[in-house]
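Asker: Please find input_5.tsv (TSV, C-alpha atoms) on the next line:
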```tsv
chain	number	residue	atom	x	y	z
A	5	MET	CA	-87.86	-16.02	-15.11
A	6	ASN	CA	-85.11	-18.13	-13.55
A	7	TYR	CA	-81.52	-18.62	-14.72
A	8	GLU	CA	-78.93	-21.14	-13.55
A	9	ALA	CA	-75.16	-20.82	-13.74
A	10	ASP	CA	-72.05	-21.89	-11.92
A	11	VAL	CA	-71.01	-18.26	-11.51
A	12	CYS	CA	-72.97	-15.00	-11.59
A	13	ILE	CA	-70.76	-11.95	-12.25
A	14	VAL	CA	-72.28	-8.55	-11.55
A	15	GLY	CA	-70.70	-5.73	-13.52
A	16	ALA	CA	-69.53	-5.96	-17.14
A	17	GLY	CA	-66.53	-3.70	-16.82
A	18	PRO	CA	-63.00	-4.88	-17.64
A	19	ALA	CA	-62.69	-7.13	-14.57
A	20	GLY	CA	-66.10	-8.73	-15.04
A	21	ALA	CA	-65.56	-9.22	-18.76
A	22	LEU	CA	-62.09	-10.73	-18.38
A	23	LEU	CA	-63.16	-13.01	-15.55
A	24	SER	CA	-66.12	-14.21	-17.61
A	25	TYR	CA	-63.83	-15.18	-20.47
A	26	LEU	CA	-61.32	-16.97	-18.26
A	27	LEU	CA	-64.00	-18.96	-16.45
A	28	VAL	CA	-65.98	-20.06	-19.48
A	29	LYS	CA	-62.72	-21.25	-21.03
A	30	LYS	CA	-62.43	-23.56	-18.02
A	31	GLY	CA	-65.89	-24.96	-18.66
A	32	LEU	CA	-67.77	-23.01	-15.98
A	33	SER	CA	-71.16	-21.62	-16.94
A	34	VAL	CA	-71.27	-17.87	-16.39
A	35	ILE	CA	-74.01	-15.24	-16.39
A	36	LEU	CA	-72.69	-11.66	-16.63
A	37	LEU	CA	-75.06	-8.90	-15.51
A	38	GLU	CA	-74.73	-5.25	-16.50
A	39	GLN	CA	-77.13	-2.52	-15.43
A	40	ASN	CA	-76.44	-0.27	-18.43
A	41	VAL	CA	-78.24	-0.71	-21.73
A	42	VAL	CA	-74.99	-0.85	-23.70
A	43	LEU	CA	-71.48	-1.96	-22.87
A	44	GLY	CA	-68.52	0.39	-22.77
A	45	LYS	CA	-70.10	3.63	-21.61
A	46	SER	CA	-67.81	6.64	-21.52
A	47	PHE	CA	-65.18	5.98	-18.89
A	48	ARG	CA	-62.23	7.99	-17.62
A	49	GLY	CA	-59.77	5.34	-16.40
A	50	GLU	CA	-58.80	3.80	-19.72
A	51	HIS	CA	-55.01	3.52	-19.55
A	52	LEU	CA	-53.24	0.18	-19.52
A	53	ASN	CA	-49.80	-0.06	-17.99
A	54	GLU	CA	-47.34	-2.85	-18.71
A	55	GLU	CA	-48.95	-5.10	-16.07
A	56	GLY	CA	-52.43	-4.81	-17.56
A	57	GLU	CA	-50.96	-5.28	-21.02
A	58	ALA	CA	-49.18	-8.44	-19.84
A	59	VAL	CA	-52.42	-9.90	-18.45
A	60	LEU	CA	-54.20	-9.46	-21.78
A	61	LYS	CA	-51.26	-10.85	-23.73
A	62	SER	CA	-51.01	-13.88	-21.46
A	63	HIS	CA	-54.54	-14.84	-22.50
A	64	GLN	CA	-54.11	-13.95	-26.19
A	65	LEU	CA	-56.55	-11.05	-25.91
A	66	PHE	CA	-54.33	-8.07	-26.57
A	67	GLU	CA	-54.23	-8.49	-30.34
A	68	ALA	CA	-58.03	-8.49	-30.55
A	69	VAL	CA	-58.21	-5.32	-28.47
A	70	GLU	CA	-55.43	-3.66	-30.48
A	71	SER	CA	-57.25	-4.36	-33.75
A	72	LEU	CA	-60.17	-2.28	-32.47
A	73	GLY	CA	-57.99	0.72	-31.68
A	74	LEU	CA	-55.61	1.87	-28.97
A	75	LEU	CA	-52.80	4.42	-28.59
A	76	ARG	CA	-49.39	4.07	-26.95
A	77	MET	CA	-48.05	7.06	-25.03
A	78	GLU	CA	-44.63	8.03	-26.39
A	79	LYS	CA	-43.52	10.45	-23.68
A	80	LEU	CA	-44.36	12.16	-20.40
A	81	GLU	CA	-43.76	15.91	-20.22
A	82	TYR	CA	-43.81	18.40	-17.37
A	83	TYR	CA	-44.85	21.93	-18.34
A	84	ALA	CA	-44.37	25.38	-16.82
A	85	ASP	CA	-44.98	28.80	-18.38
A	86	GLY	CA	-46.21	27.19	-21.56
A	87	ASN	CA	-43.12	25.09	-22.20
A	88	ALA	CA	-41.96	21.54	-21.43
A	89	PHE	CA	-39.01	21.59	-19.03
A	90	LYS	CA	-38.69	17.85	-18.42
A	91	THR	CA	-39.42	14.89	-20.69
A	92	ILE	CA	-39.46	11.20	-19.81
A	93	PHE	CA	-39.35	8.50	-22.48
A	94	PRO	CA	-40.32	4.84	-22.07
A	95	ASN	CA	-37.88	2.03	-21.49
A	96	ASP	CA	-37.18	0.14	-24.69
A	97	SER	CA	-38.33	-3.07	-23.02
A	98	VAL	CA	-41.80	-1.58	-22.40
A	99	GLY	CA	-42.17	0.66	-25.44
A	100	HIS	CA	-44.72	3.05	-23.98
A	101	LEU	CA	-45.68	5.07	-20.91
A	102	GLY	CA	-49.22	3.75	-20.88
A	103	ILE	CA	-51.70	2.66	-23.53
A	104	HIS	CA	-55.01	4.41	-24.01
A	105	VAL	CA	-57.69	1.80	-24.74
A	106	PRO	CA	-61.27	3.04	-25.11
A	107	GLN	CA	-63.50	1.12	-22.71
A	108	ALA	CA	-65.76	-0.04	-25.54
A	109	ASN	CA	-62.79	-1.47	-27.46
A	110	LEU	CA	-61.41	-3.28	-24.44
A	111	LEU	CA	-64.74	-4.89	-23.59
A	112	LYS	CA	-65.52	-5.81	-27.20
A	113	GLY	CA	-62.09	-7.34	-27.65
A	114	ILE	CA	-62.65	-9.57	-24.63
A	115	LEU	CA	-66.34	-10.37	-24.95
A	116	GLN	CA	-66.37	-11.17	-28.68
A	117	LYS	CA	-64.38	-14.28	-27.76
A	118	THR	CA	-66.45	-14.99	-24.66
A	119	LEU	CA	-69.70	-14.95	-26.62
A	120	LEU	CA	-68.49	-17.90	-28.68
A	121	PHE	CA	-69.14	-20.16	-25.68
A	122	SER	CA	-72.68	-21.52	-25.36
A	123	HIS	CA	-72.41	-21.65	-21.57
A	124	PHE	CA	-71.97	-17.85	-21.34
A	125	THR	CA	-74.88	-15.42	-21.04
A	126	CYS	CA	-74.68	-11.64	-20.88
A	127	LEU	CA	-77.75	-9.75	-19.67
A	128	LEU	CA	-77.77	-5.98	-20.20
A	129	HIS	CA	-80.10	-3.45	-18.59
A	130	THR	CA	-80.18	-5.73	-15.56
A	131	LYS	CA	-79.91	-4.31	-12.06
A	132	VAL	CA	-79.42	-6.50	-8.99
A	133	THR	CA	-81.83	-5.66	-6.18
A	134	GLU	CA	-81.30	-8.51	-3.71
A	135	LEU	CA	-78.95	-11.35	-2.83
A	136	ILE	CA	-80.28	-14.86	-2.23
A	137	GLN	CA	-79.09	-16.83	0.79
A	138	ASP	CA	-79.81	-20.39	1.92
A	139	ALA	CA	-80.79	-21.43	5.45
A	140	SER	CA	-77.11	-21.44	6.51
A	141	GLY	CA	-76.53	-17.91	5.27
A	142	ASN	CA	-74.52	-18.93	2.21
A	143	TYR	CA	-75.08	-16.82	-0.89
A	144	LYS	CA	-76.77	-18.73	-3.70
A	145	GLY	CA	-77.81	-16.17	-6.29
A	146	VAL	CA	-79.37	-12.79	-6.98
A	147	ILE	CA	-82.71	-11.17	-7.70
A	148	ALA	CA	-82.55	-8.56	-10.45
A	149	ILE	CA	-84.72	-6.36	-12.63
A	150	LYS	CA	-84.20	-6.76	-16.37
A	151	ASP	CA	-86.09	-4.45	-18.68
A	152	GLY	CA	-88.66	-3.95	-15.93
A	153	THR	CA	-89.14	-7.66	-15.22
A	154	THR	CA	-87.97	-9.44	-12.08
A	155	ILE	CA	-85.59	-12.33	-12.72
A	156	LYS	CA	-83.75	-14.78	-10.48
A	157	ILE	CA	-80.25	-16.12	-11.06
A	158	ASN	CA	-79.16	-19.16	-9.06
A	159	SER	CA	-75.42	-19.72	-8.86
A	160	GLN	CA	-72.74	-21.37	-6.76
A	161	LEU	CA	-70.70	-18.14	-6.64
A	162	ILE	CA	-71.63	-14.46	-6.89
A	163	ILE	CA	-68.89	-12.08	-7.96
A	164	GLY	CA	-69.23	-8.36	-7.33
A	165	ALA	CA	-67.33	-6.54	-10.07
A	166	ASP	CA	-69.71	-3.60	-9.96
A	167	GLY	CA	-67.42	-0.72	-9.10
A	168	ARG	CA	-66.77	1.86	-6.44
A	169	TYR	CA	-70.45	2.10	-5.41
A	170	SER	CA	-70.94	-1.68	-5.47
A	171	THR	CA	-74.49	-2.94	-4.95
A	172	ILE	CA	-73.15	-6.40	-4.14
A	173	ARG	CA	-70.89	-5.03	-1.41
A	174	LYS	CA	-73.80	-3.08	0.06
A	175	GLU	CA	-76.28	-5.97	-0.07
A	176	ALA	CA	-73.72	-8.32	1.52
A	177	HIS	CA	-73.22	-5.79	4.34
A	178	ILE	CA	-69.47	-5.65	3.80
A	179	ASP	CA	-68.06	-2.60	5.54
A	180	VAL	CA	-65.96	-0.09	3.64
A	181	GLN	CA	-64.12	2.93	4.98
A	182	LYS	CA	-63.48	5.67	2.46
A	183	GLN	CA	-60.29	7.70	2.58
A	184	LYS	CA	-60.39	11.18	1.09
A	185	HIS	CA	-57.27	12.53	-0.58
A	186	GLY	CA	-57.76	16.27	-0.29
A	187	PHE	CA	-58.82	16.83	-3.89
A	188	ASP	CA	-61.61	16.21	-6.35
A	189	LEU	CA	-61.19	15.99	-10.10
A	190	LEU	CA	-62.67	17.80	-13.08
A	191	TRP	CA	-62.71	15.83	-16.34
A	192	ALA	CA	-63.14	17.19	-19.85
A	193	LYS	CA	-62.45	15.95	-23.37
A	194	ILE	CA	-61.43	17.95	-26.43
A	195	PRO	CA	-60.22	17.18	-29.97
A	196	ALA	CA	-56.43	17.05	-30.25
A	197	PRO	CA	-54.60	19.39	-32.65
A	198	SER	CA	-53.47	17.57	-35.79
A	199	ASP	CA	-49.81	17.67	-34.76
A	200	TRP	CA	-50.39	16.56	-31.17
A	201	GLU	CA	-48.13	13.64	-30.25
A	202	PRO	CA	-49.32	10.64	-28.18
A	203	SER	CA	-48.23	11.81	-24.75
A	204	ILE	CA	-49.04	12.57	-21.15
A	205	LYS	CA	-48.49	16.19	-20.14
A	206	MET	CA	-48.44	17.52	-16.58
A	207	ALA	CA	-48.59	21.05	-15.15
A	208	LEU	CA	-49.00	22.65	-11.74
A	209	ILE	CA	-51.86	25.11	-11.27
A	210	GLY	CA	-51.35	26.73	-7.90
A	211	ASP	CA	-50.59	23.62	-5.87
A	212	LYS	CA	-52.86	21.30	-7.85
A	213	GLN	CA	-52.12	18.85	-10.66
A	214	LEU	CA	-53.32	19.37	-14.21
A	215	SER	CA	-52.92	16.37	-16.54
A	216	LEU	CA	-53.49	15.86	-20.25
A	217	PHE	CA	-53.80	12.35	-21.68
A	218	THR	CA	-53.84	11.79	-25.43
A	219	GLN	CA	-56.60	9.39	-26.43
A	220	ALA	CA	-57.16	7.05	-29.34
A	221	GLY	CA	-59.41	8.59	-31.94
A	222	GLY	CA	-57.81	12.04	-31.87
A	223	PHE	CA	-58.83	13.38	-28.47
A	224	ILE	CA	-57.25	14.76	-25.32
A	225	GLN	CA	-58.57	13.97	-21.86
A	226	ILE	CA	-58.10	16.69	-19.28
A	227	GLY	CA	-57.88	15.84	-15.59
A	228	TRP	CA	-57.76	18.88	-13.32
A	229	ASN	CA	-57.39	18.47	-9.57
A	230	ILE	CA	-59.30	20.96	-7.42
A	231	GLU	CA	-59.61	21.38	-3.68
A	232	GLN	CA	-61.81	18.70	-2.11
A	233	GLY	CA	-65.40	19.89	-1.81
A	234	SER	CA	-64.67	23.20	-3.55
A	235	TYR	CA	-66.60	22.76	-6.77
A	236	SER	CA	-69.88	24.26	-5.58
A	237	GLN	CA	-68.09	27.48	-4.66
A	238	LEU	CA	-65.74	27.38	-7.62
A	239	ARG	CA	-68.54	27.33	-10.16
A	240	LYS	CA	-69.98	30.51	-8.64
A	241	GLN	CA	-66.85	32.30	-9.78
A	242	SER	CA	-66.06	33.54	-13.28
A	243	PHE	CA	-65.20	30.70	-15.64
A	244	ILE	CA	-62.86	32.69	-17.89
A	245	PRO	CA	-59.93	33.21	-15.44
A	246	PHE	CA	-60.15	29.55	-14.48
A	247	ILE	CA	-59.96	28.14	-18.00
A	248	GLN	CA	-57.26	30.63	-18.99
A	249	GLN	CA	-54.92	28.83	-16.60
A	250	LEU	CA	-55.18	25.81	-18.90
A	251	THR	CA	-54.52	27.68	-22.12
A	252	THR	CA	-51.64	29.62	-20.55
A	253	GLN	CA	-49.88	26.35	-19.78
A	254	PHE	CA	-50.82	24.78	-23.12
A	255	PRO	CA	-51.22	27.55	-25.74
A	256	ALA	CA	-51.61	25.01	-28.55
A	257	LEU	CA	-54.97	24.07	-27.05
A	258	SER	CA	-56.44	27.58	-27.08
A	259	GLU	CA	-58.78	26.97	-30.01
A	260	PRO	CA	-60.14	23.51	-29.05
A	261	VAL	CA	-60.57	24.64	-25.45
A	262	LYS	CA	-62.39	27.79	-26.57
A	263	GLU	CA	-64.70	25.73	-28.76
A	264	HIS	CA	-65.38	22.75	-26.47
A	265	ILE	CA	-64.99	23.98	-22.87
A	266	GLN	CA	-67.18	27.05	-22.66
A	267	SER	CA	-68.60	26.80	-19.15
A	268	TRP	CA	-68.48	24.79	-15.94
A	269	LYS	CA	-71.07	22.47	-17.51
A	270	ASP	CA	-68.44	21.13	-19.88
A	271	PHE	CA	-66.58	19.51	-16.97
A	272	VAL	CA	-67.53	16.29	-15.20
A	273	LEU	CA	-66.83	16.18	-11.46
A	274	LEU	CA	-65.30	13.06	-9.90
A	275	ASP	CA	-65.53	12.60	-6.13
A	276	VAL	CA	-62.03	11.30	-5.38
A	277	PHE	CA	-61.58	8.71	-2.65
A	278	SER	CA	-59.94	5.37	-2.07
A	279	CYS	CA	-60.90	2.39	0.04
A	280	LEU	CA	-59.71	-1.09	0.88
A	281	CYS	CA	-62.16	-3.54	2.42
A	282	ASN	CA	-60.92	-5.79	5.21
A	283	CYS	CA	-63.37	-8.44	4.01
A	284	TRP	CA	-63.24	-9.40	0.32
A	285	GLY	CA	-66.24	-11.69	0.48
A	286	THR	CA	-67.87	-14.55	2.29
A	287	LYS	CA	-69.30	-18.00	1.57
A	288	GLY	CA	-70.59	-17.93	-1.99
A	289	LEU	CA	-69.60	-14.32	-2.69
A	290	VAL	CA	-66.44	-12.43	-3.60
A	291	LEU	CA	-65.60	-8.85	-4.54
A	292	LEU	CA	-62.88	-7.62	-6.88
A	293	GLY	CA	-61.68	-4.43	-8.54
A	294	ASP	CA	-63.10	-1.10	-7.39
A	295	ALA	CA	-65.82	-2.92	-5.45
A	296	VAL	CA	-63.23	-4.04	-2.89
A	297	HIS	CA	-60.36	-1.57	-3.39
A	298	THR	CA	-61.38	1.74	-4.92
A	299	MET	CA	-58.41	3.72	-6.19
A	300	THR	CA	-57.91	7.35	-7.13
A	301	PRO	CA	-57.07	8.26	-10.76
A	302	THR	CA	-53.42	8.86	-9.79
A	303	GLY	CA	-51.12	6.70	-11.88
A	304	ALA	CA	-54.01	4.99	-13.69
A	305	PHE	CA	-53.67	1.87	-11.53
A	306	GLY	CA	-57.37	1.04	-11.12
A	307	LEU	CA	-58.02	-0.66	-14.47
A	308	ASN	CA	-54.78	-2.63	-14.31
A	309	SER	CA	-55.36	-3.78	-10.73
A	310	ALA	CA	-58.85	-4.95	-11.67
A	311	LEU	CA	-57.50	-6.99	-14.58
A	312	LYS	CA	-54.91	-8.58	-12.31
A	313	ASP	CA	-57.65	-9.37	-9.77
A	314	ALA	CA	-59.66	-11.17	-12.45
A	315	ASP	CA	-56.61	-13.09	-13.63
A	316	CYS	CA	-55.74	-14.15	-10.10
A	317	LEU	CA	-59.29	-15.12	-9.13
A	318	ALA	CA	-59.71	-17.19	-12.28
A	319	SER	CA	-56.60	-19.17	-11.38
A	320	LEU	CA	-58.35	-20.33	-8.20
A	321	LEU	CA	-61.61	-21.41	-9.80
A	322	ASP	CA	-62.59	-24.45	-11.84
A	323	LYS	CA	-65.37	-27.05	-11.81
A	324	GLU	CA	-63.74	-29.05	-9.03
A	325	SER	CA	-62.73	-26.17	-6.73
A	326	LEU	CA	-65.85	-24.02	-7.08
A	327	ALA	CA	-67.80	-25.66	-4.26
A	328	HIS	CA	-64.83	-25.35	-1.91
A	329	PHE	CA	-63.63	-21.89	-2.92
A	330	ASN	CA	-62.27	-19.88	0.00
A	331	VAL	CA	-62.26	-16.12	-0.56
A	332	GLN	CA	-59.38	-15.81	1.91
A	333	ASP	CA	-57.09	-17.47	-0.63
A	334	PHE	CA	-57.87	-14.76	-3.16
A	335	GLN	CA	-57.57	-11.99	-0.59
A	336	HIS	CA	-54.21	-13.34	0.58
A	337	MET	CA	-52.88	-13.38	-2.98
A	338	ARG	CA	-53.90	-9.83	-3.83
A	339	LYS	CA	-54.29	-7.64	-0.74
A	340	GLN	CA	-50.62	-6.80	-0.16
A	341	ALA	CA	-50.15	-5.79	-3.79
A	342	ILE	CA	-53.21	-3.54	-3.55
A	343	GLU	CA	-51.93	-1.97	-0.34
A	344	ASP	CA	-48.64	-1.26	-2.09
A	345	VAL	CA	-50.39	0.43	-5.02
A	346	LEU	CA	-52.52	2.58	-2.72
A	347	ALA	CA	-49.35	3.67	-0.91
A	348	VAL	CA	-47.71	4.56	-4.22
A	349	GLN	CA	-50.74	6.67	-5.16
A	350	ILE	CA	-50.56	8.65	-1.94
A	351	GLU	CA	-46.80	9.16	-2.33
A	352	ARG	CA	-47.24	10.43	-5.90
A	353	GLU	CA	-50.00	12.81	-4.86
A	354	GLN	CA	-47.94	14.23	-2.02
A	355	THR	CA	-44.76	14.67	-4.07
A	356	PHE	CA	-46.19	15.84	-7.40
A	357	SER	CA	-45.21	19.48	-6.87
A	358	ALA	CA	-41.58	18.44	-6.32
A	359	HIS	CA	-41.27	17.90	-10.09
A	360	PHE	CA	-41.61	21.68	-10.51
A	361	VAL	CA	-38.90	22.70	-8.04
A	362	ASN	CA	-35.73	23.93	-9.73
A	363	ARG	CA	-37.43	23.18	-13.03
A	364	ALA	CA	-34.64	24.79	-15.09
A	365	SER	CA	-32.46	21.79	-14.21
```
Output the structure of this file as structure tokens.
Answerer:
Amino acid sequence: MNYEADVCIVGAGPAGALLSYLLVKKGLSVILLEQNVVLGKSFRGEHLNEEGEAVLKSHQLFEAVESLGLLRMEKLEYYADGNAFKTIFPNDSVGHLGIHVPQANLLKGILQKTLLFSHFTCLLHTKVTELIQDASGNYKGVIAIKDGTTIKINSQLIIGADGRYSTIRKEAHIDVQKQKHGFDLLWAKIPAPSDWEPSIKMALIGDKQLSLFTQAGGFIQIGWNIEQGSYSQLRKQSFIPFIQQLTTQFPALSEPVKEHIQSWKDFVLLDVFSCLCNCWGTKGLVLLGDAVHTMTPTGAFGLNSALKDADCLASLLDKESLAHFNVQDFQHMRKQAIEDVLAVQIEREQTFSAHFVNRAS
């Protein structure tokens, strides 16, 4: 089966979804491919900052997302010995310290408007296996497997929005150098106590960061930094002393932790690394989001940077400019901002423990 479209976007995460909407509004035909069977699988990086919020509001999408459910963080607290010793509140002009938006709600809020356009197609359970090039080496489409059947999508532009392990990046032979940050991350999710306020809470376990993020729907997400590459040895040790470090810092969570985090199997391990590609694409192909600049979870910048990428790229594309699109224009507009964010992440990681010095003050 063959499909035709002006643009083929691979990856129906926030960047791919937003870009689809912005392009179809301009009259471009778009096919969005997603390898998962359903949209909005469980995802850890779900916090909007004021920049991501502004992007959605600028395209009249925020209200639709908000109607599906989100949660504004009201404060940031630093904890030691079971008590908060420092609290930060948001600026009145912003009104929050981050907004938790479940991935499914964000995608639904965007795509329910996109699906109203007849020149938009979304294909789920579709995995790209090969890129199509013409005799001059220009990219002209993709080969994919949908529900076990091989399909072909011809397009003027291929967009890789398929994440940190991007198939499009790999198939286009775009080099990427990963930078390790000295830690990996354990994720877990528990129900929040009934009196738990929408907040971000931080603690120091040894020399590693422990973070709690309140989530929409009455949950708390736990992000626990551990030494890079240490998990295989860590899980050979007793689980009880490890998890007691969490409940010692946050006694109010003793019961939900006891009920929902009972062994190492109740954590999900994230291999933490960052990268920034020197090449963001080539003739007929462009990368954005984690596919071209993978970020660590620090500061929750990844989602917001991906949304800004999509917004920026859409500003460069329309029916007239598509055939002459130069990926260097996009790279020039966004690369310095991405470099700045990556530098901020490293600085925050290196200085996190300083928050706990002289904590009585």
Asker: Taking all atoms listed in the file into account, which of A:Thr302, A:Gln219, A:Ser24, A:Asn362 comes nearest A:Arg76?
Answerer: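 Of all the options, A:Gln219 lies closest to A:Arg76.
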Asker: Of the candidates A:Leu65, A:Val132, A:Ala88, A:Leu320, which one gets nearest to A:Ile162 if we count all atoms listed in the file?
Answerer: A:Val132
Asker: May I ask for the distance between atom CA of A:Glu67 and atom CA of A:Ser215, given in Å to one decimal place?
Answerer: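 Those two atoms sit 28.5 Å apart.
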Asker: Have a look at atom CA of A:Lys90 and atom CA of A:Asp199 and let me know their distance in Å, one decimal.
Answerer: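 Interatomic distance here is 19.8 Å.
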Asker: Can you work out which one of A:Val276, A:Leu43, A:Val146, A:Val69 has the shortest atom-to-atom distance to A:Leu289, counting only C-alpha atoms?
Answerer: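 So, comparing all the options, the nearest one is A:Val146.
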Asker: Hey, can you pull every residue with an atom no more than 9 Å from (-47.8, 18.0, -19.1), using all atoms listed in the file, and send it as a PDB file with C-alpha atoms, keeping the file's coordinate frame?
Answerer:
```pdb
ATOM      1  CA  LEU A  80     -44.360  12.160 -20.400  1.00  0.00           C
ATOM      2  CA  GLU A  81     -43.760  15.910 -20.220  1.00  0.00           C
ATOM      3  CA  TYR A  82     -43.810  18.400 -17.370  1.00  0.00           C
ATOM      4  CA  TYR A  83     -44.850  21.930 -18.340  1.00  0.00           C
ATOM      5  CA  ALA A  84     -44.370  25.380 -16.820  1.00  0.00           C
ATOM      6  CA  ALA A  88     -41.960  21.540 -21.430  1.00  0.00           C
ATOM      7  CA  SER A 203     -48.230  11.810 -24.750  1.00  0.00           C
ATOM      8  CA  ILE A 204     -49.040  12.570 -21.150  1.00  0.00           C
ATOM      9  CA  LYS A 205     -48.490  16.190 -20.140  1.00  0.00           C
ATOM     10  CA  MET A 206     -48.440  17.520 -16.580  1.00  0.00           C
ATOM     11  CA  ALA A 207     -48.590  21.050 -15.150  1.00  0.00           C
ATOM     12  CA  LEU A 208     -49.000  22.650 -11.740  1.00  0.00           C
ATOM     13  CA  LEU A 214     -53.320  19.370 -14.210  1.00  0.00           C
ATOM     14  CA  SER A 215     -52.920  16.370 -16.540  1.00  0.00           C
ATOM     15  CA  LEU A 216     -53.490  15.860 -20.250  1.00  0.00           C
ATOM     16  CA  PHE A 217     -53.800  12.350 -21.680  1.00  0.00           C
ATOM     17  CA  GLN A 253     -49.880  26.350 -19.780  1.00  0.00           C
ATOM     18  CA  PHE A 254     -50.820  24.780 -23.120  1.00  0.00           C
TER      19      PHE A 254
END
```
Asker: Could you check which of A:Gly49, A:Gly20, A:Pro301, A:Pro260 is closest to A:Leu189, using all atoms listed in the file?
Answerer: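 For A:Leu189, the nearest of the candidates is A:Pro301.
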Asker: How far is it from atom CA of A:Leu74 to atom CA of A:Ala108, in Å with one decimal?
Answerer: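 For atom CA of A:Leu74 relative to atom CA of A:Ala108, the distance reads 10.9 Å.
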Asker: Which residues come within 9 Å of stretch 174-187 of chain A, counting only C-alpha atoms, excluding same-chain residues fewer than 2 positions away, as JSON, numbers by chain?
Answerer: {"A": [133, 134, 135, 143, 169, 170, 171, 172, 189, 212, 229, 230, 231, 232, 233, 234, 275, 276, 277, 278, 279, 280, 281, 282, 283, 284, 285, 286, 289, 296, 298, 300, 350, 353]}
Asker: Which is closest to A:Ile103 among A:Ser242, A:Thr251, A:Gln137, A:Asn53, if we use only C-alpha atoms?
Answerer: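 The answer is A:Asn53, which sits nearest to A:Ile103.
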Asker: Can you pull out every residue within 12 Å of A:Leu101, counting only C-alpha atoms, but drop anything in the same chain fewer than 5 positions away, and send it as a PyMOL selection string?
Answerer: chain A and resi 51-55+57+75-81+91-96+202-205+217-218+303-304
Asker: Residues within 9 Å of stretch 152-160 of chain A, please, as an NGL selection string. Count only C-alpha atoms; anything in the same chain fewer than 6 positions from it doesn't count.
Answerer: :A and (5-12 or 34-35 or 129-130 or 136 or 143-146 or 288-289 or 326-327)
Asker: From the list A:Lys287, A:Lys323, A:Lys150, A:Lys193, which residue is nearest A:Glu263 when using only C-alpha atoms?
Answerer: A:Lys193
